[in-house]
file upload38.txt (compact mmCIF, C-alpha atoms)
# COMPACT_ATOMS: atom_id res chain seq x y z
CA MET T 1 -121.60 -53.99 -84.42
CA LYS T 2 -120.65 -50.67 -85.98
CA PRO T 3 -122.41 -50.08 -89.32
CA LEU T 4 -120.30 -49.71 -92.43
CA GLU T 5 -119.74 -46.17 -93.58
CA TYR T 6 -119.73 -45.46 -97.29
CA GLY T 7 -118.15 -42.43 -98.92
CA PHE T 8 -114.99 -41.06 -100.46
CA SER T 9 -111.69 -42.67 -99.53
CA GLU T 10 -109.60 -40.58 -97.13
CA ASN T 11 -106.61 -40.28 -99.45
CA PRO T 12 -107.78 -40.42 -103.07
CA MET T 13 -105.01 -40.55 -105.64
CA PHE T 14 -106.87 -38.92 -108.55
CA LYS T 15 -107.12 -35.12 -108.50
CA ALA T 16 -108.02 -33.83 -111.96
CA ASN T 17 -107.64 -34.51 -115.67
CA GLY T 18 -108.18 -32.88 -119.02
CA TYR T 19 -107.31 -32.51 -122.68
CA LYS T 20 -105.32 -29.75 -124.35
CA PRO T 21 -105.97 -29.19 -128.10
CA PRO T 22 -103.12 -28.25 -130.47
CA ASP T 23 -102.56 -24.57 -129.74
CA LEU T 24 -99.76 -22.38 -128.40
CA HIS T 25 -100.57 -22.89 -124.70
CA LYS T 26 -97.50 -22.97 -122.46
CA TRP T 27 -96.95 -23.20 -118.72
CA GLY T 28 -94.20 -22.05 -116.36
CA PRO T 29 -91.62 -21.79 -115.23
CA GLY T 30 -93.19 -22.88 -111.97
CA VAL T 31 -93.85 -25.78 -109.62
CA ARG T 32 -96.90 -27.95 -108.85
CA ASP T 33 -97.76 -29.77 -105.63
CA VAL T 34 -99.05 -32.87 -107.46
CA TYR T 35 -97.85 -35.37 -110.03
CA ALA T 36 -98.99 -34.41 -113.52
CA LEU T 37 -98.81 -37.06 -116.25
CA HIS T 38 -98.97 -35.82 -119.86
CA TYR T 39 -99.44 -38.03 -122.90
CA ILE T 40 -98.75 -36.53 -126.35
CA VAL T 41 -101.47 -37.46 -128.83
CA SER T 42 -99.94 -35.59 -131.77
CA GLY T 43 -97.50 -32.83 -132.56
CA ARG T 44 -94.36 -31.79 -130.73
CA GLY T 45 -93.40 -29.77 -127.68
CA TYR T 46 -90.64 -29.05 -125.18
CA LEU T 47 -90.16 -29.66 -121.46
CA LYS T 48 -87.49 -27.72 -119.57
CA THR T 49 -86.44 -28.95 -116.12
CA CYS T 50 -83.26 -29.52 -114.11
CA GLN T 51 -81.25 -27.48 -116.61
CA THR T 52 -82.31 -29.91 -119.37
CA THR T 53 -84.60 -29.44 -122.35
CA PHE T 54 -86.50 -32.47 -123.64
CA LEU T 55 -88.14 -32.61 -127.07
CA LEU T 56 -91.39 -34.60 -126.93
CA GLN T 57 -93.48 -35.91 -129.79
CA THR T 58 -96.42 -38.17 -130.61
CA GLY T 59 -96.81 -41.15 -128.27
CA GLU T 60 -94.33 -39.96 -125.65
CA SER T 61 -95.19 -39.03 -122.07
CA PHE T 62 -93.73 -36.88 -119.35
CA ILE T 63 -94.45 -36.46 -115.65
CA ILE T 64 -94.13 -33.30 -113.63
CA PHE T 65 -93.13 -34.23 -110.08
CA PRO T 66 -94.30 -32.28 -107.01
CA HIS T 67 -92.20 -29.17 -106.36
CA MET T 68 -90.19 -29.70 -109.53
CA GLU T 69 -89.68 -26.44 -111.43
CA VAL T 70 -90.74 -26.88 -115.04
CA TYR T 71 -91.50 -24.94 -118.18
CA TYR T 72 -93.25 -26.63 -121.08
CA TYR T 73 -94.47 -25.27 -124.37
CA PRO T 74 -95.48 -26.47 -127.87
CA ASP T 75 -93.44 -26.46 -131.05
CA PRO T 76 -94.83 -23.40 -132.87
CA GLN T 77 -94.62 -25.21 -136.23
CA ASP T 78 -96.31 -28.41 -135.00
CA PRO T 79 -98.05 -27.70 -131.67
CA TRP T 80 -98.78 -30.75 -129.55
CA GLU T 81 -102.09 -31.94 -128.24
CA TYR T 82 -102.13 -34.01 -125.10
CA PHE T 83 -104.10 -35.56 -122.26
CA TRP T 84 -103.09 -34.79 -118.69
CA ILE T 85 -103.90 -36.29 -115.31
CA GLU T 86 -103.01 -34.93 -111.87
CA PHE T 87 -102.69 -37.25 -108.89
CA ASN T 88 -100.97 -37.45 -105.52
CA GLY T 89 -100.52 -39.46 -102.34
CA THR T 90 -98.48 -42.35 -100.99
CA GLU T 91 -100.14 -44.84 -103.33
CA ALA T 92 -99.11 -42.71 -106.29
CA SER T 93 -95.54 -42.64 -105.00
CA ARG T 94 -95.55 -46.41 -104.59
CA LEU T 95 -96.75 -47.00 -108.14
CA LEU T 96 -94.34 -44.50 -109.65
CA SER T 97 -91.44 -46.16 -107.81
CA MET T 98 -92.02 -49.15 -110.09
CA ILE T 99 -91.95 -47.04 -113.27
CA HIS T 100 -88.66 -46.02 -114.88
CA ILE T 101 -89.31 -42.31 -114.64
CA SER T 102 -87.95 -39.71 -112.22
CA PRO T 103 -87.41 -35.96 -111.82
CA GLU T 104 -84.04 -36.39 -113.56
CA HIS T 105 -85.57 -38.55 -116.34
CA PRO T 106 -89.23 -37.43 -116.57
CA VAL T 107 -89.85 -38.62 -120.15
CA ALA T 108 -91.16 -42.02 -121.30
CA ALA T 109 -90.76 -43.16 -124.90
CA ALA T 110 -93.75 -44.10 -127.06
CA PRO T 111 -95.24 -47.38 -125.73
CA PRO T 112 -95.49 -50.56 -127.82
CA GLN T 113 -99.23 -50.03 -128.23
CA ASP T 114 -101.60 -47.06 -128.22
CA ILE T 115 -102.53 -46.17 -124.64
CA GLU T 116 -104.76 -43.19 -125.45
CA PRO T 117 -107.96 -45.23 -124.75
CA LEU T 118 -106.72 -45.75 -121.18
CA PHE T 119 -106.76 -42.01 -120.59
CA HIS T 120 -110.44 -41.97 -121.55
CA LYS T 121 -111.12 -44.49 -118.76
CA VAL T 122 -109.97 -42.00 -116.13
CA LYS T 123 -113.14 -40.01 -115.64
CA ALA T 124 -113.42 -36.80 -113.67
CA ALA T 125 -114.84 -37.70 -110.27
CA GLY T 126 -118.25 -36.34 -109.31
CA ILE T 127 -119.95 -36.33 -105.94
CA GLU T 128 -121.06 -39.97 -106.04
CA PRO T 129 -118.87 -42.56 -104.27
CA PHE T 130 -118.99 -44.88 -107.30
CA GLU T 131 -117.65 -42.07 -109.52
CA ARG T 132 -114.66 -41.59 -107.24
CA GLU T 133 -113.98 -45.32 -107.19
CA ARG T 134 -114.11 -45.48 -111.00
CA SER T 135 -111.66 -42.59 -111.27
CA GLU T 136 -109.26 -44.33 -108.91
CA ALA T 137 -109.66 -47.64 -110.76
CA GLY T 138 -109.05 -46.00 -114.13
CA LEU T 139 -105.89 -44.33 -112.87
CA HIS T 140 -104.61 -47.59 -111.37
CA LEU T 141 -105.24 -49.33 -114.69
CA LEU T 142 -103.40 -46.66 -116.64
CA LEU T 143 -100.37 -46.66 -114.34
CA SER T 144 -100.24 -50.46 -114.43
CA TYR T 145 -99.48 -50.21 -118.16
CA TYR T 146 -96.68 -47.74 -117.47
CA MET T 147 -95.36 -50.26 -114.94
CA GLU T 148 -95.46 -52.96 -117.62
CA TYR T 149 -93.89 -50.91 -120.43
CA TYR T 150 -91.38 -48.92 -118.36
CA PRO T 151 -90.46 -51.07 -115.33
CA SER T 152 -87.98 -49.62 -112.87
CA GLU T 153 -85.13 -51.56 -111.30
CA GLN T 154 -87.18 -51.72 -108.11
CA ALA T 155 -90.04 -53.35 -110.01
CA PHE T 156 -87.67 -56.07 -111.24
CA LEU T 157 -86.43 -56.63 -107.70
CA LYS T 158 -90.02 -57.04 -106.51
CA LYS T 159 -90.47 -60.12 -108.69
CA ASP T 160 -90.68 -62.92 -106.13
CA TYR T 161 -91.30 -66.08 -108.12
CA VAL T 162 -91.71 -68.39 -105.14
CA SER T 163 -94.17 -66.09 -103.36
CA SER T 164 -96.12 -65.72 -106.61
CA ALA T 165 -96.25 -69.50 -107.02
CA LYS T 166 -97.41 -69.99 -103.41
CA GLU T 167 -100.06 -67.29 -103.75
CA TYR T 168 -101.34 -68.88 -106.96
CA ILE T 169 -101.59 -72.28 -105.25
CA GLU T 170 -103.32 -70.83 -102.19
CA THR T 171 -105.86 -69.07 -104.42
CA ASN T 172 -106.61 -72.03 -106.70
CA PHE T 173 -106.13 -75.08 -104.46
CA TRP T 174 -109.88 -75.86 -104.63
CA ASN T 175 -109.57 -76.55 -108.38
CA SER T 176 -109.07 -80.31 -108.79
CA SER T 177 -107.45 -79.78 -112.20
CA LEU T 178 -104.77 -77.46 -110.81
CA SER T 179 -101.38 -78.78 -111.91
CA VAL T 180 -97.73 -77.96 -111.49
CA LEU T 181 -97.69 -76.84 -115.13
CA ASP T 182 -100.43 -74.31 -114.34
CA VAL T 183 -98.23 -72.80 -111.63
CA VAL T 184 -95.21 -72.67 -113.93
CA GLU T 185 -97.21 -70.97 -116.69
CA PHE T 186 -98.56 -68.41 -114.21
CA VAL T 187 -95.13 -67.49 -112.88
CA LYS T 188 -93.65 -67.40 -116.41
CA ILE T 189 -90.15 -68.67 -115.78
CA GLU T 190 -88.33 -71.82 -116.83
CA ARG T 191 -89.74 -74.90 -115.11
CA SER T 192 -86.57 -76.42 -113.63
CA TYR T 193 -85.44 -72.97 -112.40
CA LEU T 194 -88.72 -72.48 -110.54
CA PHE T 195 -88.47 -76.01 -109.09
CA ARG T 196 -85.00 -75.23 -107.70
CA LEU T 197 -86.08 -71.87 -106.25
CA PHE T 198 -89.21 -73.35 -104.71
CA LYS T 199 -87.40 -76.32 -103.15
CA LYS T 200 -84.66 -74.09 -101.75
CA GLU T 201 -87.09 -71.65 -100.09
CA THR T 202 -89.85 -73.99 -98.91
CA GLY T 203 -88.05 -77.30 -98.48
CA THR T 204 -90.66 -79.08 -100.57
CA SER T 205 -91.80 -79.45 -104.17
CA ILE T 206 -94.63 -77.50 -105.75
CA SER T 207 -96.87 -80.60 -105.78
CA GLY T 208 -95.94 -81.30 -102.16
CA TYR T 209 -96.82 -77.74 -101.17
CA LEU T 210 -100.17 -78.01 -102.95
CA THR T 211 -101.05 -81.25 -101.16
CA ALA T 212 -99.97 -79.89 -97.78
CA PHE T 213 -102.00 -76.72 -98.27
CA ARG T 214 -105.08 -78.73 -99.23
CA ILE T 215 -104.73 -80.89 -96.13
CA ARG T 216 -104.34 -77.84 -93.88
CA ARG T 217 -107.51 -76.37 -95.35
CA ALA T 218 -109.27 -79.70 -94.85
CA CYS T 219 -108.20 -79.72 -91.19
CA ALA T 220 -109.61 -76.25 -90.72
CA LEU T 221 -112.90 -77.19 -92.34
CA LEU T 222 -113.19 -80.37 -90.26
CA ALA T 223 -112.68 -78.32 -87.13
CA ASP T 224 -114.89 -75.37 -87.99
CA SER T 225 -117.70 -76.74 -90.17
CA GLN T 226 -120.19 -79.56 -90.40
CA LEU T 227 -119.59 -80.20 -94.09
CA SER T 228 -119.93 -83.79 -95.19
CA ILE T 229 -116.70 -85.53 -96.16
CA LYS T 230 -117.83 -85.44 -99.78
CA SER T 231 -118.48 -81.68 -99.74
CA LEU T 232 -115.29 -81.08 -97.85
CA SER T 233 -113.20 -83.08 -100.31
CA TYR T 234 -114.63 -81.08 -103.23
CA SER T 235 -113.89 -77.87 -101.34
CA VAL T 236 -110.19 -78.65 -101.14
CA GLY T 237 -109.71 -79.91 -104.68
CA TYR T 238 -110.50 -83.64 -104.50
CA HIS T 239 -113.45 -84.97 -106.51
CA ASP T 240 -113.01 -88.48 -105.13
CA PRO T 241 -113.82 -88.58 -101.39
CA LEU T 242 -112.17 -91.99 -101.01
CA TYR T 243 -108.93 -90.76 -102.52
CA PHE T 244 -109.12 -87.62 -100.37
CA SER T 245 -109.52 -89.75 -97.25
CA LYS T 246 -106.49 -91.82 -98.25
CA VAL T 247 -104.34 -88.71 -98.80
CA PHE T 248 -105.60 -87.16 -95.57
CA LYS T 249 -104.79 -90.22 -93.47
CA LYS T 250 -101.33 -90.50 -94.98
CA ALA T 251 -100.64 -86.88 -94.02
CA THR T 252 -102.19 -86.84 -90.54
CA SER T 253 -102.49 -90.51 -89.42
CA TYR T 254 -106.22 -89.83 -88.99
CA THR T 255 -109.18 -90.46 -91.22
CA PRO T 256 -111.20 -87.27 -91.77
CA SER T 257 -113.93 -88.59 -89.42
CA GLN T 258 -111.39 -89.47 -86.73
CA TYR T 259 -109.79 -86.05 -87.04
CA ARG T 260 -113.14 -84.32 -86.60
CA GLY T 261 -113.99 -86.56 -83.67
CA SER T 262 -110.66 -85.89 -82.04
CA PHE T 263 -111.15 -82.17 -82.27
CA SER T 264 -114.76 -82.38 -81.01
CA GLY T 265 -113.58 -84.40 -78.05
CA GLY T 266 -111.31 -81.62 -76.90
CA GLU T 267 -108.04 -83.18 -78.04
CA LEU T 268 -105.63 -81.15 -80.13
CA PRO T 269 -105.68 -82.56 -83.66
CA LEU T 270 -102.41 -83.31 -85.36
CA THR T 271 -101.46 -80.50 -87.74
CA PRO T 272 -100.00 -81.84 -90.96
call {"tool": "encode", "arguments": {"input": "upload38.txt", "output": "structure tokens"}}
result
Amino acid sequence: MKPLEYGFSENPMFKANGYKPPDLHKWGPGVRDVYALHYIVSGRGYLKTCQTTFLLQTGESFIIFPHMEVYYYPDPQDPWEYFWIEFNGTEASRLLSMIHISPEHPVAAAPPQDIEPLFHKVKAAGIEPFERERSEAGLHLLLSYYMEYYPSEQAFLKKDYVSSAKEYIETNFWNSSLSVLDVVEFVKIERSYLFRLFKKETGTSISGYLTAFRIRRACALLADSQLSIKSLSYSVGYHDPLYFSKVFKKATSYTPSQYRGSFSGGELPLTP
């Protein structure tokens, strides 16, 4: 077996970051080969790109896109101060595709809450692998808030309520208290609307899907483990082994013991 290799990821997103105090520093016109996110802490400044001049002030952000010619400079009467982060790569492109910002519209309005503390979480990466991972994690966290506050049309289209409900069930099926209401609250849409979507796509109800998934997991555990029926029933979300056995037999026509015996004997067990 090949040993695990630890080190930097091959395509890190984070490149560099920093802070610019309120002075008369300006840059450009020119292009960069990375994305450069700027967040205005205070003051005012200007961004010129694509024949357009944008006025930016406290709380607003702008992104310089790779190979996009820009010129930005502070308001001489009220020079801005800002944090900046440079990043690149396919993962950066994927995340930015879900944020309503583009080379034609590179400015984001002030968010509903202060996001400056999130910039402090993006630490400059050192030589240690854990430092690189923390930088990447901090940048992911920061961009997730931009995705929340400034969602693109593509981000809205990516909302798949049925897949989200199924994923939630398949992650939490072991919890005996898991209910249909829990699934509805997780997905955050109107209950009857989710029921209709779920039934249309899967052909079954949410509770039916939960039961079927639990039984499939029980079948796998019966085939691949020596867990007692009691331990197995707990593992798939049933705290009453007798009730579990009843549900299992109704779904498969086997008791759990018969199902395990059938598989051990070389016969193909019935898949619920």
call {"tool": "atom_distance", "arguments": {"input": "upload38.txt", "atom1": "CA of Lys199 in chain T", "atom2": "CA of Ala218 in chain T"}}
result
23.6 Å
call {"tool": "residues_around", "arguments": {"input": "upload38.txt", "residues": "His105 in chain T", "least_positions_apart": "4", "cutoff": "9 Å", "atoms": "all atoms listed in the file", "output": "PyMOL selection string"}}
result
chain T and resi 62+100-101
call {"tool": "residues_around", "arguments": {"input": "upload38.txt", "residues": "Leu56 in chain T", "least_positions_apart": "4", "cutoff": "10 Å", "atoms": "all atoms listed in the file", "output": "ChimeraX atom specification"}}
result
/T:39-40,42-47,60-62,74-75,80,107-110
call {"tool": "closest_residue", "arguments": {"input": "upload38.txt", "among": "T:Met98, T:Leu210, T:Ala36, T:Ile63", "to": "Ile85 in chain T", "atoms": "all atoms listed in the file"}}
result
T:Ala36
call {"tool": "closest_residue", "arguments": {"input": "upload38.txt", "among": "T:Lys15, T:Trp27, T:Val236, T:Val34", "to": "Ser93 in chain T", "atoms": "all atoms listed in the file"}}
result
T:Val34
call {"tool": "residues_around", "arguments": {"input": "upload38.txt", "residues": "Phe195 in chain T", "least_positions_apart": "6", "cutoff": "12 Å", "atoms": "only C-alpha atoms", "output": "list in words"}}
result
Tyr161, Val162, Ala165, Val180, Leu181, Val183, Val184, Val187, Ile189, Glu201, Thr202, Gly203, Thr204, Ser205, Ile206, Ser207, Gly208 and Tyr209 of chain T
call {"tool": "closest_residue", "arguments": {"input": "upload38.txt", "among": "T:Ser231, T:Val31, T:Phe198, T:Tyr150", "to": "Ser164 in chain T", "atoms": "all atoms listed in the file"}}
result
T:Phe198
call {"tool": "atom_distance", "arguments": {"input": "upload38.txt", "atom1": "CA of Ile115 in chain T", "atom2": "CA of Leu143 in chain T"}}
result
10.5 Å
call {"tool": "closest_residue", "arguments": {"input": "upload38.txt", "among": "T:Leu55, T:Ile215, T:Ile169, T:Ile99", "to": "Val247 in chain T", "atoms": "all atoms listed in the file"}}
result
T:Ile215
call {"tool": "closest_residue", "arguments": {"input": "upload38.txt", "among": "T:Thr171, T:Thr255, T:Thr58, T:Ser235", "to": "His38 in chain T", "atoms": "all atoms listed in the file"}}
result
T:Thr58
call {"tool": "closest_residue", "arguments": {"input": "upload38.txt", "among": "T:Trp84, T:Tyr19, T:Trp174, T:Phe263", "to": "Ala223 in chain T", "atoms": "all atoms listed in the file"}}
result
T:Phe263
call {"tool": "atom_distance", "arguments": {"input": "upload38.txt", "atom1": "CA of Pro76 in chain T", "atom2": "CA of Leu24 in chain T"}}
result
6.7 Å
